[in-house]
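Visitor: You'll find protein09.txt just under this line, and it carries compact mmCIF, C-alpha atoms.
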```txt
# COMPACT_ATOMS: atom_id res chain seq x y z
CA MET A 1 146.83 88.40 156.51
CA TYR A 2 149.43 89.11 159.19
CA GLU A 3 153.21 89.13 159.28
CA THR A 4 155.37 88.95 162.39
CA ALA A 5 158.13 91.45 163.05
CA THR A 6 160.57 91.94 165.92
CA LEU A 7 162.12 94.95 167.54
CA GLY A 8 165.91 94.82 167.64
CA GLY A 9 165.80 91.21 166.54
CA SER A 10 164.55 90.14 169.96
CA PRO A 11 161.69 87.58 170.16
CA ARG A 12 160.65 89.28 173.40
CA PHE A 13 159.33 92.14 171.31
CA ARG A 14 157.42 90.25 168.63
CA PHE A 15 154.46 92.04 167.14
CA ARG A 16 152.03 91.34 164.34
CA THR A 17 151.16 93.92 161.73
CA PRO A 18 148.71 93.72 158.83
CA MET A 19 150.39 93.24 155.48
CA THR A 20 148.37 96.19 154.22
CA SER A 21 149.55 99.75 154.81
CA PRO A 22 148.75 102.27 156.26
CA ASP A 23 147.83 100.94 159.68
CA THR A 24 144.31 99.68 159.11
CA LEU A 25 142.21 96.95 160.69
CA THR A 26 141.22 94.12 158.34
CA ILE A 27 138.46 91.74 159.39
CA ALA A 28 137.52 89.10 156.84
CA ASP A 29 137.53 91.06 153.56
CA ARG A 30 136.71 94.46 155.10
CA VAL A 31 139.12 97.27 155.94
CA PHE A 32 138.52 99.74 158.78
CA HIS A 33 140.43 102.72 160.13
CA SER A 34 139.04 102.68 163.68
CA ARG A 35 140.13 99.96 166.10
CA LEU A 36 137.31 100.70 168.53
CA LEU A 37 134.06 98.76 168.13
CA VAL A 38 131.07 99.77 170.23
CA GLY A 39 127.79 98.30 171.36
CA THR A 40 124.38 99.94 171.33
CA GLY A 41 122.81 98.79 174.60
CA LYS A 42 122.21 100.59 177.93
CA TYR A 43 122.02 104.14 176.58
CA ARG A 44 119.26 106.53 177.63
CA ASP A 45 117.75 106.49 174.14
CA PHE A 46 118.75 106.07 170.50
CA SER A 47 119.73 109.75 170.26
CA GLN A 48 122.33 109.33 173.00
CA THR A 49 123.47 106.11 171.33
CA ARG A 50 124.15 108.01 168.12
CA GLU A 51 126.00 110.84 169.90
CA ALA A 52 128.28 108.44 171.79
CA ILE A 53 129.09 106.38 168.72
CA GLU A 54 129.90 109.48 166.72
CA ALA A 55 132.23 110.64 169.51
CA SER A 56 133.94 107.23 169.63
CA GLY A 57 134.90 107.30 165.97
CA ALA A 58 133.80 103.66 165.66
CA GLU A 59 132.97 102.22 162.26
CA ILE A 60 131.63 98.88 163.48
CA VAL A 61 128.55 98.91 165.71
CA THR A 62 127.28 95.73 167.32
CA VAL A 63 123.57 95.13 167.90
CA ALA A 64 121.88 92.52 170.09
CA ILE A 65 119.22 91.14 167.75
CA ARG A 66 117.14 89.76 170.61
CA ARG A 67 117.03 93.10 172.43
CA THR A 68 117.21 95.87 169.82
CA ASN A 69 114.79 96.60 167.01
CA ILE A 70 116.40 96.82 163.58
CA GLY A 71 113.18 96.16 161.70
CA GLN A 72 111.85 92.96 163.24
CA ASN A 73 109.31 94.94 165.32
CA PRO A 74 107.35 97.25 162.96
CA GLY A 75 105.92 100.33 164.64
CA GLU A 76 108.67 100.56 167.27
CA PRO A 77 111.69 102.92 167.15
CA ASN A 78 114.28 101.44 164.80
CA LEU A 79 117.98 101.75 165.63
CA LEU A 80 118.83 101.93 161.93
CA ASP A 81 116.96 105.23 161.70
CA PHE A 82 119.68 106.66 163.98
CA LEU A 83 122.69 104.64 162.82
CA SER A 84 122.60 104.23 159.07
CA PRO A 85 124.10 101.03 157.59
CA ASP A 86 125.44 103.31 154.85
CA ARG A 87 127.73 104.92 157.44
CA TYR A 88 128.35 102.10 159.92
CA THR A 89 129.02 98.40 159.58
CA ILE A 90 126.26 96.80 161.64
CA LEU A 91 127.50 93.76 163.53
CA PRO A 92 124.53 91.67 164.71
CA ASN A 93 125.27 89.61 167.81
CA THR A 94 123.65 86.76 169.69
CA ALA A 95 123.60 88.24 173.20
CA GLY A 96 121.15 86.30 175.33
CA CYS A 97 121.65 82.99 173.52
CA TYR A 98 122.55 79.92 175.60
CA THR A 99 122.61 77.23 172.90
CA ALA A 100 124.24 76.88 169.51
CA GLU A 101 120.82 76.32 167.94
CA ASP A 102 119.44 79.63 169.26
CA ALA A 103 122.56 81.53 168.19
CA VAL A 104 122.46 80.16 164.64
CA ARG A 105 118.73 80.93 164.32
CA THR A 106 119.26 84.48 165.57
CA LEU A 107 122.03 85.25 163.09
CA ARG A 108 120.09 83.78 160.18
CA LEU A 109 117.27 86.16 161.10
CA ALA A 110 119.74 89.04 161.22
CA ARG A 111 121.02 88.17 157.76
CA GLU A 112 117.48 88.38 156.40
CA LEU A 113 116.81 91.71 158.14
CA LEU A 114 120.07 93.19 156.84
CA ASP A 115 119.68 92.04 153.23
CA GLY A 116 122.25 89.26 153.22
CA HIS A 117 124.79 90.85 155.59
CA ASN A 118 127.10 88.05 156.74
CA LEU A 119 129.61 89.65 159.16
CA VAL A 120 128.35 88.70 162.63
CA LYS A 121 129.36 88.36 166.25
CA LEU A 122 128.73 85.00 167.90
CA GLU A 123 128.35 84.63 171.63
CA VAL A 124 126.84 81.63 173.39
CA LEU A 125 126.60 82.11 177.13
CA GLY A 126 126.98 79.41 179.73
CA ASP A 127 125.78 81.12 182.89
CA SER A 128 123.28 83.93 183.44
CA GLY A 129 125.20 85.20 186.46
CA ASN A 130 128.73 85.65 185.13
CA LEU A 131 127.89 85.58 181.37
CA PHE A 132 130.96 83.46 180.70
CA PRO A 133 130.97 81.80 177.27
CA ASN A 134 129.90 78.19 176.83
CA MET A 135 132.77 77.09 174.63
CA PRO A 136 131.44 73.67 173.45
CA GLU A 137 128.22 75.36 172.24
CA THR A 138 130.23 78.27 170.81
CA LEU A 139 132.42 75.91 168.78
CA ALA A 140 129.38 74.03 167.50
CA ALA A 141 127.66 77.25 166.43
CA ALA A 142 130.83 78.53 164.77
CA ARG A 143 131.12 75.39 162.65
CA THR A 144 127.53 75.71 161.46
CA LEU A 145 127.76 79.44 160.73
CA VAL A 146 131.07 79.25 158.85
CA ALA A 147 129.71 76.39 156.75
CA ASP A 148 126.65 78.55 156.05
CA GLY A 149 128.74 81.39 154.63
CA PHE A 150 128.91 83.71 157.65
CA GLN A 151 132.03 85.69 158.57
CA VAL A 152 132.08 85.03 162.30
CA MET A 153 133.69 87.08 165.04
CA VAL A 154 133.56 85.05 168.24
CA TYR A 155 133.26 86.06 171.90
CA CYS A 156 135.26 83.41 173.73
CA SER A 157 137.24 82.54 176.84
CA ASP A 158 140.85 83.72 177.10
CA ASP A 159 142.08 80.19 176.40
CA PRO A 160 144.77 79.90 173.68
CA ILE A 161 143.70 76.35 172.82
CA GLN A 162 140.04 77.27 172.33
CA CYS A 163 141.07 80.25 170.22
CA ARG A 164 143.20 78.02 168.02
CA MET A 165 140.25 75.64 167.59
CA LEU A 166 138.07 78.55 166.48
CA GLU A 167 140.71 79.63 163.98
CA ASP A 168 140.86 76.09 162.59
CA ILE A 169 137.10 76.24 162.05
CA GLY A 170 137.62 79.36 159.94
CA VAL A 171 136.31 82.26 162.01
CA ALA A 172 137.11 85.84 161.00
CA ALA A 173 138.27 87.00 164.46
CA VAL A 174 138.58 85.76 168.02
CA MET A 175 137.33 87.98 170.85
CA PRO A 176 138.55 86.79 174.26
CA LEU A 177 137.08 88.49 177.29
CA ALA A 178 139.37 90.71 179.37
CA SER A 179 137.11 90.13 182.38
CA LEU A 180 133.42 89.50 182.94
CA ILE A 181 130.93 91.38 180.76
CA GLY A 182 130.06 94.74 182.27
CA SER A 183 132.41 94.25 185.24
CA GLY A 184 134.79 97.11 184.43
CA MET A 185 137.61 95.05 185.93
CA GLY A 186 139.95 95.60 183.00
CA ILE A 187 142.42 92.95 181.87
CA VAL A 188 142.74 90.37 184.63
CA ASN A 189 144.98 87.94 182.75
CA PRO A 190 147.33 89.74 180.34
CA TRP A 191 149.53 86.64 180.01
CA ASN A 192 146.78 84.58 178.39
CA LEU A 193 146.02 87.42 176.00
CA ARG A 194 149.67 87.55 174.95
CA LEU A 195 149.66 83.80 174.29
CA ILE A 196 146.57 84.19 172.12
CA ILE A 197 147.99 87.20 170.27
CA ASP A 198 151.35 85.56 169.60
CA GLN A 199 149.79 82.48 167.97
CA ALA A 200 146.88 84.13 166.16
CA ARG A 201 146.48 84.21 162.39
CA VAL A 202 143.30 86.29 162.56
CA PRO A 203 142.55 89.54 164.39
CA VAL A 204 142.34 89.38 168.18
CA LEU A 205 139.87 91.74 169.82
CA VAL A 206 139.36 92.24 173.53
CA ASP A 207 135.65 91.86 174.23
CA ALA A 208 134.15 92.58 177.66
CA GLY A 209 135.50 93.94 180.92
CA VAL A 210 137.07 97.25 179.87
CA GLY A 211 136.27 99.95 182.44
CA THR A 212 138.12 103.07 181.38
CA ALA A 213 140.53 104.48 178.82
CA SER A 214 143.66 103.14 180.52
CA ASP A 215 142.26 99.59 180.19
CA ALA A 216 141.80 100.19 176.47
CA ALA A 217 145.35 101.50 176.12
CA ILE A 218 146.80 98.50 177.96
CA ALA A 219 144.90 96.06 175.73
CA MET A 220 146.25 97.77 172.62
CA GLU A 221 149.79 97.91 174.05
CA LEU A 222 149.64 94.13 174.52
CA GLY A 223 149.08 93.80 170.77
CA CYS A 224 145.32 93.38 170.47
CA ASP A 225 144.06 94.39 167.05
CA ALA A 226 140.97 96.14 168.37
CA ILE A 227 138.58 96.41 171.31
CA LEU A 228 134.82 96.02 171.57
CA MET A 229 133.03 97.72 174.45
CA ASN A 230 129.58 98.87 175.50
CA THR A 231 129.00 99.26 179.24
CA ALA A 232 132.21 101.21 179.84
CA ILE A 233 130.83 103.97 177.61
CA ALA A 234 127.06 103.68 178.08
CA GLY A 235 127.35 103.32 181.86
CA ALA A 236 129.68 106.28 182.38
CA ARG A 237 128.44 109.46 184.04
CA ASP A 238 129.05 111.24 180.73
CA PRO A 239 128.87 108.66 177.92
CA ILE A 240 129.79 111.14 175.19
CA ARG A 241 132.97 112.26 176.94
CA MET A 242 133.88 108.68 177.84
CA ALA A 243 133.45 107.68 174.19
CA ARG A 244 136.00 110.32 173.22
CA ALA A 245 138.33 109.12 175.99
CA MET A 246 138.09 105.53 174.77
CA ARG A 247 138.88 106.62 171.24
CA LEU A 248 142.02 108.38 172.44
CA GLY A 249 142.99 105.45 174.69
CA VAL A 250 142.79 102.98 171.81
CA GLU A 251 144.78 105.28 169.53
CA ALA A 252 147.47 105.90 172.16
CA GLY A 253 147.80 102.21 172.99
CA ARG A 254 148.13 101.27 169.34
CA GLU A 255 150.78 103.94 168.75
CA ALA A 256 152.74 102.78 171.80
CA TYR A 257 152.56 99.16 170.63
CA LEU A 258 153.86 100.00 167.18
CA ALA A 259 156.57 102.26 168.63
CA GLY A 260 157.84 99.49 170.91
CA ARG A 261 158.27 100.08 174.61
CA ILE A 262 161.68 100.05 176.26
CA LYS A 263 162.82 96.90 177.99
CA ARG A 264 161.99 96.62 181.68
CA LYS A 265 165.20 96.57 183.73
CA TYR A 266 164.74 95.85 187.39
CA TYR A 267 167.29 97.38 189.81
CA ASP A 268 169.34 98.75 186.93
CA ALA A 269 168.81 102.43 186.15
CA ASP A 270 169.82 103.99 182.86
CA PRO A 271 170.27 107.79 182.88
CA SER A 272 168.45 109.64 180.13
CA SER A 273 171.11 112.37 179.99
CA PRO A 274 174.59 111.88 178.43
CA THR A 275 177.22 110.52 180.82
CA GLU A 276 180.23 111.84 178.91
CA GLY A 277 181.79 115.27 179.33
CA LEU A 278 180.47 115.77 182.86
CA LEU A 279 182.07 118.30 185.20
CA PRO A 280 184.26 116.67 187.86
CA SER A 281 182.40 115.74 190.98
CA THR A 282 183.14 117.85 194.06
CA ARG A 283 182.06 115.07 196.39
CA ALA A 284 184.80 114.02 198.77
CA ALA A 285 186.50 110.74 197.98
```
Spit out the file's structure as structure tokens when you get a sec.

Guide:
Amino acid sequence: MYETATLGGSPRFRFRTPMTSPDTLTIADRVFHSRLLVGTGKYRDFSQTREAIEASGAEIVTVAIRRTNIGQNPGEPNLLDFLSPDRYTILPNTAGCYTAEDAVRTLRLARELLDGHNLVKLEVLGDSGNLFPNMPETLAAARTLVADGFQVMVYCSDDPIQCRMLEDIGVAAVMPLASLIGSGMGIVNPWNLRLIIDQARVPVLVDAGVGTASDAAIAMELGCDAILMNTAIAGARDPIRMARAMRLGVEAGREAYLAGRIKRKYYDADPSSPTEGLLPSTRAA
């Protein structure tokens, strides 16, 4: 799905690009134009949810099956009345699950509710305080879901070895956290993300921790294929404006990544103006 290219022949500037053109995001067998994925929690109401998602330009919308009604609770407001599956790819997730068994059961329910939809987001939490992923349970759930025909995008730790193990299982994408869910701390360990990106054969998405548009741009400049966020938009003073800012941040970061930044040169300036044909200096020798 991906090929590796270099800038100027230098391995220091390796980057991965989809073999399809133009610059689109491919996850499993689906092609998207937006590289920003958004969640649906923490908004004032479903109307504000719809406005923010429209402003973000997102095509993939993730839904916590245990917390949001998409038809399992008749008589209650249904998110799908505001976000049509004909317009958006609904990505059911297992937020709130602490065991592989609960996560698998939740996504099987989602598949029934969404008429056989099999693209899902898996997250199995290990601690209710920091919401860090439980990787042994995550790996177990991933094996079961992949064997059951699901296309699984996985929230995981920023550990290159764990990400490789998930790839070997056959997941559709790995989604390492940038920092703790809802923390707004941004990317606390860019070096691990680069290790994951450089070895990955599937899309790498930053999931959790983004606080503002500059965090999104940095993640994309590192080479992430996309970003998933919720709190950074829903918790902003103006969610609609922040959604637009995040859209622009993702687009700018992606453009900068593809353009290729200049090499960092410490203590060695390089004038941007021509150095030939200058007037003689009048400074005393």

Visitor: For Asn230 of chain A, which of A:Met175, A:Asp215, A:Arg50, A:Ile181 is the closest residue, counting all atoms listed in the file?

Guide: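 Once distances to Asn230 of chain A are computed over all atoms listed in the file, the minimum belongs to A:Ile181.
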
Visitor: For a test of reading the model, state the distance in Å between atom CA of Gly57 of chain A and atom CA of Lys121 of chain A, rounded to one decimal.

Guide: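 It comes out at 19.7 Å.
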
Visitor: With a distance cut-off of 6 Å and all atoms listed in the file, select the neighbouring residues of Asn78 of chain A, excluding the residue or stretch itself and same-chain residues fewer than 3 positions from it, and output the selection as number ranges by chain.

Guide: A: 69-70, 81

Visitor: Find the distance between atom CA of Leu125 of chain A and atom CA of Asp102 of chain A and write it in Å to one decimal.

Guide: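 Taking atom CA of Leu125 of chain A as the start and atom CA of Asp102 of chain A as the end point, the length is 10.9 Å.
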
Visitor: Taking all atoms listed in the file into account, which of A:Asn192, A:Thr106, A:Thr24, A:Thr138 comes nearest Asp159 of chain A?

Guide: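 Looking at the shortest contact to Asp159 of chain A, the residue is A:Asn192.
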
Visitor: Atom CA of Ala217 of chain A to atom CA of Leu36 of chain A: how many Å, to one decimal?

Guide: 11.1 Å

Visitor: Check the smallest atom-to-atom distance from each of A:Leu139, A:Val210, A:Val174, A:Ile187 to Ala236 of chain A using all atoms listed in the file, then report the winner.

Guide: A:Val210

Visitor: Kindly provide the residues of segment 127-176 of chain A that approach segment 201-205 of chain A to within 12 Å, each paired with its closest atom pair and their distance in Å to one decimal, based on only C-alpha atoms, listed by chain and increasing number, as JSON lines.

Guide:
```
{"residue": "A:Gln151", "atom": "CA", "partner": "A:Val202", "partner_atom": "CA", "distance": 12.0}
{"residue": "A:Val152", "atom": "CA", "partner": "A:Val202", "partner_atom": "CA", "distance": 11.3}
{"residue": "A:Met153", "atom": "CA", "partner": "A:Leu205", "partner_atom": "CA", "distance": 9.1}
{"residue": "A:Val154", "atom": "CA", "partner": "A:Leu205", "partner_atom": "CA", "distance": 9.3}
{"residue": "A:Tyr155", "atom": "CA", "partner": "A:Leu205", "partner_atom": "CA", "distance": 9.0}
{"residue": "A:Cys156", "atom": "CA", "partner": "A:Leu205", "partner_atom": "CA", "distance": 10.3}
{"residue": "A:Ser157", "atom": "CA", "partner": "A:Leu205", "partner_atom": "CA", "distance": 11.9}
{"residue": "A:Asp158", "atom": "CA", "partner": "A:Val204", "partner_atom": "CA", "distance": 10.7}
{"residue": "A:Pro160", "atom": "CA", "partner": "A:Val204", "partner_atom": "CA", "distance": 11.2}
{"residue": "A:Cys163", "atom": "CA", "partner": "A:Val204", "partner_atom": "CA", "distance": 9.4}
{"residue": "A:Arg164", "atom": "CA", "partner": "A:Arg201", "partner_atom": "CA", "distance": 9.0}
{"residue": "A:Met165", "atom": "CA", "partner": "A:Arg201", "partner_atom": "CA", "distance": 11.8}
{"residue": "A:Leu166", "atom": "CA", "partner": "A:Val202", "partner_atom": "CA", "distance": 10.1}
{"residue": "A:Glu167", "atom": "CA", "partner": "A:Val202", "partner_atom": "CA", "distance": 7.3}
{"residue": "A:Asp168", "atom": "CA", "partner": "A:Arg201", "partner_atom": "CA", "distance": 9.9}
{"residue": "A:Ile169", "atom": "CA", "partner": "A:Val202", "partner_atom": "CA", "distance": 11.8}
{"residue": "A:Gly170", "atom": "CA", "partner": "A:Val202", "partner_atom": "CA", "distance": 9.3}
{"residue": "A:Val171", "atom": "CA", "partner": "A:Val202", "partner_atom": "CA", "distance": 8.1}
{"residue": "A:Ala172", "atom": "CA", "partner": "A:Val202", "partner_atom": "CA", "distance": 6.4}
{"residue": "A:Ala173", "atom": "CA", "partner": "A:Pro203", "partner_atom": "CA", "distance": 5.0}
{"residue": "A:Val174", "atom": "CA", "partner": "A:Val204", "partner_atom": "CA", "distance": 5.2}
{"residue": "A:Met175", "atom": "CA", "partner": "A:Leu205", "partner_atom": "CA", "distance": 4.7}
{"residue": "A:Pro176", "atom": "CA", "partner": "A:Leu205", "partner_atom": "CA", "distance": 6.8}
```

Visitor: Pick out the closest residue to Asp45 of chain A from this set: A:Glu251, A:Pro239, A:Ile65, A:Ser214. Count only C-alpha atoms.

Guide: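 Between A:Glu251, A:Pro239, A:Ile65, A:Ser214, the residue approaching Asp45 of chain A most closely is A:Pro239.
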
Visitor: Around (136.2, 107.7, 164.9) in the file's own coordinates, what residues are found within 10 Å if you use only C-alpha atoms, given back as a list in words?

Guide: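 Every residue inside that radius is included here: His33, Ser34, Arg35, Leu36, Leu37, Ile53, Glu54, Ala55, Ser56, Gly57, Ala58, Glu59, Ala243, Arg244, Arg247 and Leu248 of chain A.
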
Visitor: Given only C-alpha atoms as the basis, pick out the residue of A:Gln162, A:Gly71, A:Glu112, A:Leu119 nearest to Gly149 of chain A.

Guide: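 Among the listed residues, A:Leu119 lies closest to Gly149 of chain A.
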
Visitor: Dump as a ChimeraX atom specification all residues having an atom at most 10 Å from (141.3, 96.6, 174.1), computed in the file's coordinates with all atoms listed in the file.

Guide: /A:35-37,177-178,186-187,204-210,213-229,246,249-250,253-254

Visitor: So, counting only C-alpha atoms, which residue among A:Leu80, A:Leu145, A:Leu131, A:Leu195 is closest to Ser179 of chain A?

Guide: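 For Ser179 of chain A, the nearest of the candidates is A:Leu131.
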